[in-house]
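Shown next: input.cif, given as mmCIF, C-alpha atoms.
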```
data_query
loop_
_atom_site.label_atom_id
_atom_site.label_comp_id
_atom_site.auth_asym_id
_atom_site.auth_seq_id
_atom_site.Cartn_x
_atom_site.Cartn_y
_atom_site.Cartn_z
CA MET A 1 -43.51 -24.25 -15.58
CA THR A 2 -40.09 -25.18 -16.91
CA VAL A 3 -37.00 -27.05 -15.77
CA PHE A 4 -33.98 -24.80 -15.35
CA ARG A 5 -30.32 -25.56 -14.55
CA ASP A 6 -29.65 -22.96 -11.90
CA TRP A 7 -26.44 -20.94 -11.36
CA ASP A 8 -25.20 -23.45 -8.75
CA GLY A 9 -25.48 -26.40 -11.18
CA GLN A 10 -28.68 -27.78 -9.65
CA THR A 11 -31.71 -28.48 -11.90
CA ARG A 12 -34.95 -27.04 -10.51
CA LYS A 13 -38.56 -26.55 -11.54
CA VAL A 14 -39.43 -22.90 -12.01
CA THR A 15 -43.02 -21.74 -12.22
CA ALA A 16 -44.82 -18.46 -12.72
CA THR A 17 -48.49 -17.56 -12.61
CA SER A 18 -50.44 -14.67 -14.07
CA SER A 19 -53.80 -13.74 -15.51
CA SER A 20 -53.02 -15.19 -18.97
CA ARG A 21 -50.69 -17.69 -20.59
CA ASN A 22 -48.66 -14.99 -22.34
CA ALA A 23 -48.30 -12.98 -19.15
CA ALA A 24 -47.21 -16.10 -17.24
CA GLU A 25 -44.57 -16.85 -19.90
CA ALA A 26 -43.31 -13.27 -19.67
CA ALA A 27 -43.11 -13.49 -15.88
CA LEU A 28 -41.26 -16.79 -16.16
CA LYS A 29 -38.69 -15.27 -18.52
CA VAL A 30 -38.10 -12.41 -16.05
CA ASP A 31 -37.62 -14.92 -13.23
CA LEU A 32 -35.15 -16.97 -15.29
CA ALA A 33 -33.19 -13.86 -16.24
CA ALA A 34 -32.95 -12.90 -12.56
CA ARG A 35 -31.71 -16.40 -11.71
CA MET A 36 -29.02 -16.10 -14.37
CA ARG A 37 -27.89 -12.78 -12.93
CA ALA A 38 -27.67 -14.35 -9.47
CA GLY A 39 -24.83 -16.47 -10.76
CA GLY A 40 -22.66 -13.37 -11.11
CA LEU A 41 -22.38 -10.28 -13.28
CA ASP A 42 -20.11 -12.11 -15.71
CA ASP A 43 -22.55 -14.91 -16.61
CA ALA A 44 -24.30 -12.89 -19.32
CA LEU A 45 -21.15 -11.29 -20.76
CA ASN A 46 -19.75 -12.00 -24.22
CA ALA A 47 -17.06 -10.45 -26.38
CA GLY A 48 -19.53 -7.87 -27.67
CA SER A 49 -20.51 -6.66 -24.21
CA PRO A 50 -19.43 -3.16 -23.12
CA PHE A 51 -16.06 -3.06 -21.37
CA PRO A 52 -17.49 -1.28 -18.28
CA LEU A 53 -19.71 -4.32 -17.62
CA LEU A 54 -16.63 -6.57 -17.67
CA ALA A 55 -14.86 -4.16 -15.31
CA ALA A 56 -17.83 -4.23 -12.94
CA ALA A 57 -17.91 -8.04 -13.00
CA TRP A 58 -14.17 -8.18 -12.27
CA LEU A 59 -14.54 -5.71 -9.39
CA ASP A 60 -17.39 -7.78 -7.98
CA ASP A 61 -15.16 -10.86 -8.16
CA VAL A 62 -12.36 -8.99 -6.36
CA GLU A 63 -14.75 -7.96 -3.58
CA HIS A 64 -15.37 -11.65 -2.82
CA ASP A 65 -11.64 -12.50 -2.72
CA VAL A 66 -10.84 -13.22 0.93
CA ASP A 67 -7.09 -13.24 0.23
CA ARG A 68 -7.02 -9.53 -0.67
CA SER A 69 -7.17 -6.83 1.99
CA GLN A 70 -9.92 -4.22 2.00
CA GLY A 71 -7.32 -1.54 1.37
CA THR A 72 -6.14 -3.34 -1.79
CA LYS A 73 -9.73 -3.66 -3.02
CA GLU A 74 -10.35 0.05 -2.53
CA THR A 75 -7.11 0.86 -4.36
CA TYR A 76 -8.19 -1.30 -7.32
CA GLN A 77 -11.58 0.40 -7.41
CA ARG A 78 -10.02 3.86 -7.34
CA GLN A 79 -7.44 3.06 -10.04
CA LEU A 80 -10.09 1.47 -12.25
CA GLY A 81 -12.18 4.63 -12.12
CA THR A 82 -9.33 7.10 -12.59
CA LEU A 83 -6.90 5.28 -14.88
CA VAL A 84 -8.68 2.62 -16.97
CA LEU A 85 -12.35 3.42 -17.49
CA PRO A 86 -11.83 6.95 -18.90
CA PHE A 87 -9.98 5.39 -21.87
CA PHE A 88 -11.97 2.19 -22.46
CA GLU A 89 -15.49 3.05 -21.29
CA HIS A 90 -16.91 3.32 -24.84
CA PHE A 91 -15.38 0.09 -26.21
CA ALA A 92 -16.75 -3.43 -26.36
CA ILE A 93 -14.65 -6.15 -24.75
CA ARG A 94 -13.44 -7.47 -28.13
CA GLU A 95 -12.32 -3.96 -29.08
CA VAL A 96 -9.73 -3.90 -26.29
CA SER A 97 -7.08 -5.00 -28.77
CA VAL A 98 -3.33 -5.22 -28.48
CA GLY A 99 -2.99 -2.06 -30.54
CA ARG A 100 -5.36 -0.07 -28.33
CA VAL A 101 -3.70 -1.36 -25.18
CA GLU A 102 -0.30 -0.37 -26.60
CA ARG A 103 -1.47 3.15 -27.41
CA TYR A 104 -3.16 3.50 -24.01
CA LEU A 105 -0.06 2.44 -22.07
CA LYS A 106 2.18 4.79 -24.05
CA GLN A 107 -0.14 7.68 -23.21
CA GLN A 108 0.01 6.72 -19.54
CA ARG A 109 3.80 6.37 -19.69
CA GLU A 110 4.08 9.93 -20.99
CA LYS A 111 2.53 11.05 -17.69
CA SER A 112 4.60 8.79 -15.42
CA TYR A 113 6.05 5.31 -15.21
CA THR A 114 4.18 4.62 -11.97
CA GLN A 115 0.84 5.56 -13.51
CA ALA A 116 1.52 3.39 -16.55
CA LYS A 117 2.54 0.48 -14.31
CA HIS A 118 -0.65 0.69 -12.26
CA SER A 119 -2.72 1.04 -15.43
CA ARG A 120 -1.17 -2.06 -16.95
CA THR A 121 -1.71 -4.04 -13.75
CA ILE A 122 -5.42 -3.19 -13.45
CA LEU A 123 -6.20 -3.65 -17.14
CA GLY A 124 -4.21 -6.90 -17.21
CA MET A 125 -6.20 -8.32 -14.30
CA ILE A 126 -9.50 -7.37 -15.93
CA MET A 127 -8.63 -8.99 -19.25
CA ALA A 128 -7.23 -12.09 -17.49
CA PHE A 129 -10.60 -12.35 -15.74
CA ALA A 130 -12.26 -12.28 -19.18
CA VAL A 131 -9.98 -15.09 -20.38
CA ARG A 132 -10.79 -17.22 -17.32
CA ARG A 133 -14.49 -16.72 -18.01
CA GLU A 134 -13.90 -17.77 -21.64
CA ILE A 135 -15.21 -14.43 -22.90
CA ILE A 136 -12.05 -13.87 -24.96
CA ALA A 137 -9.33 -16.28 -26.04
CA ARG A 138 -6.21 -14.33 -24.99
CA ASN A 139 -5.15 -11.42 -22.84
CA PRO A 140 -4.11 -8.48 -25.07
CA VAL A 141 -2.20 -6.84 -22.22
CA LYS A 142 0.31 -9.70 -22.23
CA GLU A 143 1.07 -8.98 -25.90
CA ALA A 144 1.74 -5.27 -25.35
CA SER A 145 5.33 -4.01 -25.19
CA ARG A 146 7.09 -4.08 -21.87
CA MET A 147 7.91 -0.73 -20.30
CA LYS A 148 11.47 0.03 -19.33
CA LYS A 149 11.71 0.98 -15.69
CA PRO A 150 13.52 4.30 -15.24
CA PRO A 151 16.64 4.26 -13.07
CA HIS A 152 15.87 4.81 -9.42
CA THR A 153 18.20 5.24 -6.49
CA PRO A 154 16.79 5.18 -2.95
CA LYS A 155 17.67 8.31 -1.00
CA ALA A 156 18.38 8.38 2.72
CA LEU A 157 18.16 11.53 4.80
CA THR A 158 21.42 13.31 5.58
CA THR A 159 22.44 14.05 9.16
CA GLU A 160 21.80 17.75 8.45
CA GLN A 161 18.26 17.03 7.24
CA ILE A 162 17.51 14.86 10.28
CA ALA A 163 18.77 17.61 12.60
CA ALA A 164 16.61 20.22 10.84
CA ILE A 165 13.52 18.01 11.06
CA ARG A 166 14.10 17.31 14.76
CA LEU A 167 14.48 21.02 15.55
CA ALA A 168 11.35 21.96 13.60
CA ALA A 169 9.40 19.11 15.25
CA ARG A 170 10.40 20.30 18.75
CA GLU A 171 9.31 23.85 17.94
CA TRP A 172 6.09 22.89 16.11
CA ARG A 173 3.19 24.98 17.48
CA SER A 174 5.06 25.65 20.72
CA GLN A 175 5.87 29.36 20.44
CA GLU A 176 4.53 31.66 23.14
CA GLY A 177 1.62 33.82 22.01
CA ARG A 178 0.87 31.65 19.01
CA MET A 179 -2.78 31.44 17.96
CA GLY A 180 -4.48 28.04 18.01
CA PRO A 181 -3.93 24.87 20.06
CA ARG A 182 -0.42 23.97 21.12
CA SER A 183 1.19 20.80 19.83
CA ASP A 184 0.92 17.72 22.04
CA GLY A 185 4.33 16.57 20.80
CA GLN A 186 3.09 13.28 19.38
CA VAL A 187 4.40 13.80 15.85
CA ARG A 188 7.77 14.76 17.33
CA ASP A 189 7.77 11.46 19.23
CA ILE A 190 6.54 9.50 16.21
CA ILE A 191 9.50 10.80 14.22
CA GLU A 192 11.93 9.50 16.85
CA VAL A 193 10.26 6.08 17.00
CA MET A 194 10.22 5.76 13.21
CA LEU A 195 13.87 6.78 13.00
CA GLY A 196 14.81 4.20 15.63
CA THR A 197 12.71 1.31 14.31
CA ALA A 198 12.57 1.87 10.51
CA THR A 199 8.85 1.06 10.67
CA ARG A 200 6.12 2.12 8.29
CA ILE A 201 3.99 4.99 9.60
CA GLY A 202 0.98 2.70 10.10
CA GLU A 203 3.12 0.23 12.04
CA ALA A 204 4.48 2.95 14.35
CA LEU A 205 0.97 4.27 15.03
CA ALA A 206 -0.24 0.72 15.79
CA LEU A 207 2.26 0.07 18.61
CA ARG A 208 0.51 -0.81 21.88
CA GLN A 209 1.70 -0.96 25.46
CA CYS A 210 1.79 -4.76 25.26
CA ASP A 211 4.05 -4.61 22.18
CA VAL A 212 6.89 -3.01 24.14
CA ASP A 213 9.52 -4.83 26.21
CA LEU A 214 11.85 -2.25 27.75
CA ASP A 215 13.36 -4.84 30.11
CA ALA A 216 14.95 -6.70 27.21
CA ASP A 217 18.58 -6.00 26.36
CA PRO A 218 18.40 -4.08 24.13
CA PRO A 219 14.77 -2.92 24.46
CA GLN A 220 12.47 -4.30 21.76
CA VAL A 221 9.06 -3.84 20.20
CA SER A 222 6.78 -6.30 18.46
CA VAL A 223 5.50 -5.05 15.11
CA SER A 224 2.23 -6.96 14.86
CA GLY A 225 -0.29 -4.56 13.32
CA THR A 226 -0.89 -1.40 11.37
CA ILE A 227 -3.40 1.45 11.33
CA VAL A 228 -5.79 1.38 8.36
CA VAL A 229 -8.58 3.61 7.12
CA HIS A 230 -11.23 2.04 4.88
CA LYS A 231 -14.00 3.79 3.01
CA GLY A 232 -17.12 4.01 5.14
CA ALA A 233 -15.37 2.74 8.28
CA ALA A 234 -13.61 4.36 11.21
CA VAL A 235 -9.83 4.26 11.51
CA HIS A 236 -8.78 1.08 13.29
CA ARG A 237 -5.85 -1.17 14.13
CA GLN A 238 -5.42 -4.12 11.77
CA GLU A 239 -4.12 -7.22 13.53
CA HIS A 240 -1.18 -7.69 11.16
CA PRO A 241 1.23 -5.31 9.37
CA LYS A 242 1.14 -4.62 5.63
CA THR A 243 1.76 -8.32 5.01
CA HIS A 244 1.48 -11.24 7.40
CA GLU A 245 5.15 -12.07 6.74
CA SER A 246 6.30 -8.66 8.00
CA SER A 247 5.30 -9.33 11.63
CA ARG A 248 8.56 -9.12 13.57
CA ILE A 249 10.25 -8.31 16.88
CA ILE A 250 12.92 -5.67 16.50
CA PRO A 251 15.53 -4.09 18.82
CA VAL A 252 15.15 -0.43 19.67
CA PRO A 253 18.04 2.06 20.09
CA GLU A 254 18.16 3.95 23.36
CA PHE A 255 17.04 7.32 21.92
CA ALA A 256 13.79 5.74 20.68
CA ALA A 257 13.37 3.68 23.85
CA ASP A 258 13.52 6.91 25.89
CA VAL A 259 10.64 8.33 23.87
CA ILE A 260 8.64 5.12 24.30
CA ARG A 261 9.21 5.26 28.08
CA GLN A 262 7.77 8.77 28.13
CA ARG A 263 4.73 7.59 26.16
CA LEU A 264 4.20 4.63 28.51
CA ALA A 265 4.28 6.96 31.53
CA LEU A 266 1.09 8.56 30.21
CA LEU A 267 -0.83 5.27 30.11
CA ASP A 268 -2.61 3.11 32.64
CA PRO A 269 -0.23 0.15 33.22
CA GLU A 270 -3.22 -2.18 33.38
CA ASP A 271 -4.44 -1.22 29.89
CA ALA A 272 -2.11 -3.43 27.85
CA GLU A 273 -3.95 -2.83 24.56
CA HIS A 274 -3.69 0.96 24.73
CA LEU A 275 -1.88 2.54 21.79
CA LEU A 276 1.28 4.58 22.39
CA PHE A 277 -0.03 7.28 20.04
CA TYR A 278 -3.68 8.29 20.09
CA SER A 279 -6.09 11.15 19.46
CA ARG A 280 -7.55 13.46 22.10
CA VAL A 281 -10.53 11.10 22.42
CA GLY A 282 -8.39 7.96 22.64
CA THR A 283 -8.86 6.71 19.07
CA PRO A 284 -5.97 5.78 16.74
CA LEU A 285 -4.20 8.59 14.92
CA THR A 286 -4.75 8.52 11.16
CA PRO A 287 -1.63 8.37 8.95
CA TYR A 288 -3.13 11.15 6.81
CA ASN A 289 -3.25 13.62 9.72
CA VAL A 290 0.27 12.72 10.83
CA ARG A 291 1.57 13.24 7.28
CA ARG A 292 -0.20 16.62 7.12
CA THR A 293 1.52 17.77 10.30
CA PHE A 294 4.82 16.38 9.03
CA ARG A 295 4.50 18.47 5.85
CA GLY A 296 4.12 21.56 8.04
CA ILE A 297 7.23 20.57 9.99
CA LEU A 298 9.16 20.19 6.73
CA ARG A 299 8.08 23.69 5.65
CA ASN A 300 9.38 25.13 8.91
CA ALA A 301 12.62 23.14 8.48
CA GLY A 302 13.18 24.59 5.00
CA LEU A 303 12.89 21.13 3.41
CA GLU A 304 9.63 21.53 1.50
CA GLY A 305 9.63 20.18 -2.07
CA MET A 306 12.52 17.77 -1.47
CA ASP A 307 10.44 14.58 -1.75
CA ILE A 308 10.80 13.84 1.96
CA THR A 309 7.99 11.85 3.62
CA PRO A 310 7.70 9.79 6.82
CA HIS A 311 8.78 6.84 4.66
CA SER A 312 12.16 8.56 4.32
CA PHE A 313 12.95 7.50 7.91
CA ARG A 314 12.50 3.89 6.83
CA ARG A 315 14.91 4.34 3.92
CA THR A 316 17.39 6.09 6.19
CA GLY A 317 17.37 3.21 8.66
CA ALA A 318 17.68 0.66 5.87
CA THR A 319 20.66 2.51 4.39
CA LEU A 320 22.50 2.71 7.70
CA LEU A 321 21.91 -0.97 8.49
CA ALA A 322 22.86 -2.15 4.99
CA ASN A 323 26.11 -0.19 5.02
CA GLU A 324 27.12 -1.25 8.54
CA LEU A 325 25.67 -4.75 8.95
CA GLY A 326 24.77 -5.89 5.44
CA MET A 327 21.64 -6.03 3.31
CA GLN A 328 20.17 -9.05 5.12
CA ALA A 329 20.19 -7.21 8.45
CA ALA A 330 18.37 -4.31 6.83
CA ALA A 331 15.79 -6.63 5.26
CA ASP A 332 15.18 -8.36 8.61
CA MET A 333 14.65 -5.03 10.37
CA LEU A 334 12.23 -3.81 7.71
CA GLY A 335 10.27 -7.07 7.59
CA HIS A 336 11.15 -7.94 4.00
CA THR A 337 11.22 -11.57 2.94
CA SER A 338 13.86 -10.81 0.31
CA THR A 339 16.87 -8.48 0.21
CA SER A 340 16.01 -7.56 -3.39
CA THR A 341 13.17 -5.28 -2.24
CA THR A 342 15.40 -3.68 0.38
CA LYS A 343 18.19 -3.08 -2.12
CA ALA A 344 15.96 -1.78 -4.92
CA HIS A 345 13.71 0.55 -2.93
CA TYR A 346 15.19 1.34 0.48
CA ALA A 347 18.97 1.18 0.91
CA GLU A 348 20.87 4.01 -0.75
CA PRO A 349 24.04 2.54 -2.28
CA ASP A 350 27.31 3.43 -0.61
CA ARG A 351 29.50 4.61 -3.48
CA THR A 352 32.56 5.02 -1.27
CA VAL A 353 35.21 2.38 -1.97
CA LYS A 354 36.71 1.11 1.29
CA SER A 355 40.41 1.52 2.04
CA ARG A 356 41.17 -2.23 2.07
CA PRO A 357 41.19 -2.55 -1.77
CA ALA A 358 43.99 0.06 -1.94
CA GLU A 359 46.06 -2.05 0.38
CA VAL A 360 45.52 -5.11 -1.82
CA MET A 361 46.25 -3.24 -5.04
CA GLN A 362 49.52 -2.00 -3.53
CA ARG A 363 50.90 -5.45 -4.31
CA LEU A 364 51.12 -4.33 -7.93
CA ALA A 365 53.57 -1.58 -7.05
CA PRO A 366 56.90 -1.66 -8.94
CA PRO A 367 59.82 -3.23 -7.09
CA GLU A 368 62.06 -0.78 -5.27
#
```

Have the structure of the file written as C-alpha cells, please.
Amino acid sequence: MTVFRDWDGQTRKVTATSSSRNAAEAALKVDLAARMRAGGLDDALNAGSPFPLLAAAWLDDVEHDVDRSQGTKETYQRQLGTLVLPFFEHFAIREVSVGRVERYLKQQREKSYTQAKHSRTILGMIMAFAVRREIIARNPVKEASRMKKPPHTPKALTTEQIAAIRLAAREWRSQEGRMGPRSDGQVRDIIEVMLGTATRIGEALALRQCDVDLDADPPQVSVSGTIVVHKGAAVHRQEHPKTHESSRIIPVPEFAADVIRQRLALLDPEDAEHLLFYSRVGTPLTPYNVRRTFRGILRNAGLEGMDITPHSFRRTGATLLANELGMQAAADMLGHTSTSTTKAHYAEPDRTVKSRPAEVMQRLAPPE
C-alpha cells in the first residue's frame, strides 16, 4: 500500500496484492503508472519526449475543447497528419528549434502560401500547448520569420460567365436520348438561390421551409444553419451557420424568390422543418456532391480551369453590393462582423473612377 496524489489533486491510498512482496510492488507500480496516464497524455511528457507524443496530447486536448466545432477538430487532425508530422515525426520536443521551424516553413512556402500558413498555425498551437504544460520555456514558432502574404484580389463572376453557367445548368443531363438518370434541377435552383442570397453553399443547402418568408416585402430568408459532414457521421444540418455571429435574416431578390416558391410547392406545407433541397430519400444534400455536379456544369459551360467554385457566387454578390451600397451593406449580407474580411476576400475592387471627380477637377481649368 502507498499514498498517492492522484491526477485530480486528491490524495488516496492505493493497494495491490499478489503472491509475493516483489510481485505486489510491481503490480502497484503498474497501477500508479496507469493513474498517471489517466490525468492526460501530456502528464508524462518532457522536453526529451518524441514530438509525435506531444502532437497526440495536443490533439487529445483539442478533442475536449467544447468551443471548437467538430469540423475544425477534424481539419486540425488532417493537417497535423499531412503537413506537420511528416517533417517532425523523428524529432524530440526540444529539437523543434527556431532554426528547424524556419527551414520547415520555408519548404512549405515554396509549395504554397496557404499550405505554409496552415502549417505554421498547427505547429504554433502544438508548441504553445507545450509551453502551457511547462514542457518547454518558449514557443519557437513565434521566433520564426513572418511570411509575406502574396497580393490577392477577389474576383467576381462576369455577366457573361453567369449567363454561361445558367445555360449549362438548365441543360445539365436534360438532353433527349441521354444515357443515365435525368437531372432533377436542384443544382440549377441552388445556383439561383446562392446568386440571390450570397450565402455559403452549406447555408443554402440548410434552408428549411420555416426559414422562408415570401410574404415580407421584399421576401426574406433566415440563415440559421449549415450542412456539415463529419467523419463517421451522416450528413446533417447544424443549428447555426459557420459562426454563431453569422446568423442573419436577409432580403431575397425576386428571381431567387421565384425559385424558392417553386421549391416550396413541392413540400408539405405542414412540414415546416423540411429542407428546400434534399436527396431522393429526403436527406440533406452534401456540399461535396453539389460541387461535383457544379464542376460538370462548368465543363459544359467552357469555364473549366478558371478557379470558379460555388463560393464565386458569394464573391459576386459581395462585389455588387459593395460597389452599389457600400462595404458595410456587403458585410451585413454575408454575415461578416467586420468589413475588413469582406474587403480582403470577397469584394472585387472597382477600379473605375467615377465621373464626379472630373467635374471637381474642372475648377482648375485656365480662365477663358

Residues selected by the PyMOL selection byres ((chain A and resi 322-325) around 9), written as a PyMOL selection string: chain A and resi 317-321+326-331+342-343+347-350

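Residues matched by the PyMOL selection byres ((chain A and resi 60) around 12) in this file: Gly39, Gly40, Leu41, Asp42, Leu53, Leu54, Ala55, Ala56, Ala57, Trp58, Leu59, Asp61, Val62, Glu63, His64, Asp65, Lys73, Glu74, Tyr76, Gln77, Ile126 and Phe129 of chain A.
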
Matched chain/residue IDs from the PyMOL selection byres ((chain A and resi 46) around 10), as a ChimeraX atom specification: /A:42-45,47-50,54,92-94,130,133-136

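One distance worth recording is that between atom CA of Val193 of chain A and atom CA of Ile250 of chain A, which is 12.1 Å.
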
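Of the residues under consideration (A:Gln79, A:Gln107, A:Gln115, A:Thr316), A:Thr316 shows the shortest atom-to-atom contact distance to Leu195 of chain A when counting all atoms listed in the file.
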
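Between atom CA of Leu264 of chain A and atom CA of Lys242 of chain A lies a distance of 24.9 Å.
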
Skip segment 171-180 of chain A itself and residues of its chain fewer than 4 positions away, then list as a PDB file with C-alpha atoms, in the coordinates of the input all residues within 12 Å of it, counting all atoms listed in the file.
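This went into result-v5.pdb:
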```
ATOM      1  CA  ALA A 164      16.610  20.220  10.840  1.00  0.00           C
ATOM      2  CA  ILE A 165      13.520  18.010  11.060  1.00  0.00           C
ATOM      3  CA  ARG A 166      14.100  17.310  14.760  1.00  0.00           C
ATOM      4  CA  LEU A 167      14.480  21.020  15.550  1.00  0.00           C
ATOM      5  CA  ASP A 184       0.920  17.720  22.040  1.00  0.00           C
ATOM      6  CA  GLY A 185       4.330  16.570  20.800  1.00  0.00           C
ATOM      7  CA  GLN A 186       3.090  13.280  19.380  1.00  0.00           C
ATOM      8  CA  VAL A 187       4.400  13.800  15.850  1.00  0.00           C
ATOM      9  CA  ARG A 188       7.770  14.760  17.330  1.00  0.00           C
ATOM     10  CA  ASP A 189       7.770  11.460  19.230  1.00  0.00           C
ATOM     11  CA  THR A 293       1.520  17.770  10.300  1.00  0.00           C
ATOM     12  CA  PHE A 294       4.820  16.380   9.030  1.00  0.00           C
ATOM     13  CA  ARG A 295       4.500  18.470   5.850  1.00  0.00           C
ATOM     14  CA  GLY A 296       4.120  21.560   8.040  1.00  0.00           C
ATOM     15  CA  ILE A 297       7.230  20.570   9.990  1.00  0.00           C
ATOM     16  CA  LEU A 298       9.160  20.190   6.730  1.00  0.00           C
ATOM     17  CA  ARG A 299       8.080  23.690   5.650  1.00  0.00           C
ATOM     18  CA  ASN A 300       9.380  25.130   8.910  1.00  0.00           C
ATOM     19  CA  ALA A 301      12.620  23.140   8.480  1.00  0.00           C
TER      20      ALA A 301
END
```

Exercise: residues within 12 Å of coordinate (4.6, -2.9, 21.1), counting all atoms listed in the file, as an NGL selection string: :A and (193 or 197 or 199 or 203-214 or 219-226 or 247-252 or 257 or 260-261 or 263-264 or 272-277)

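Atom CA of Thr75 of chain A sits 25.6 Å away from atom CA of Arg138 of chain A.
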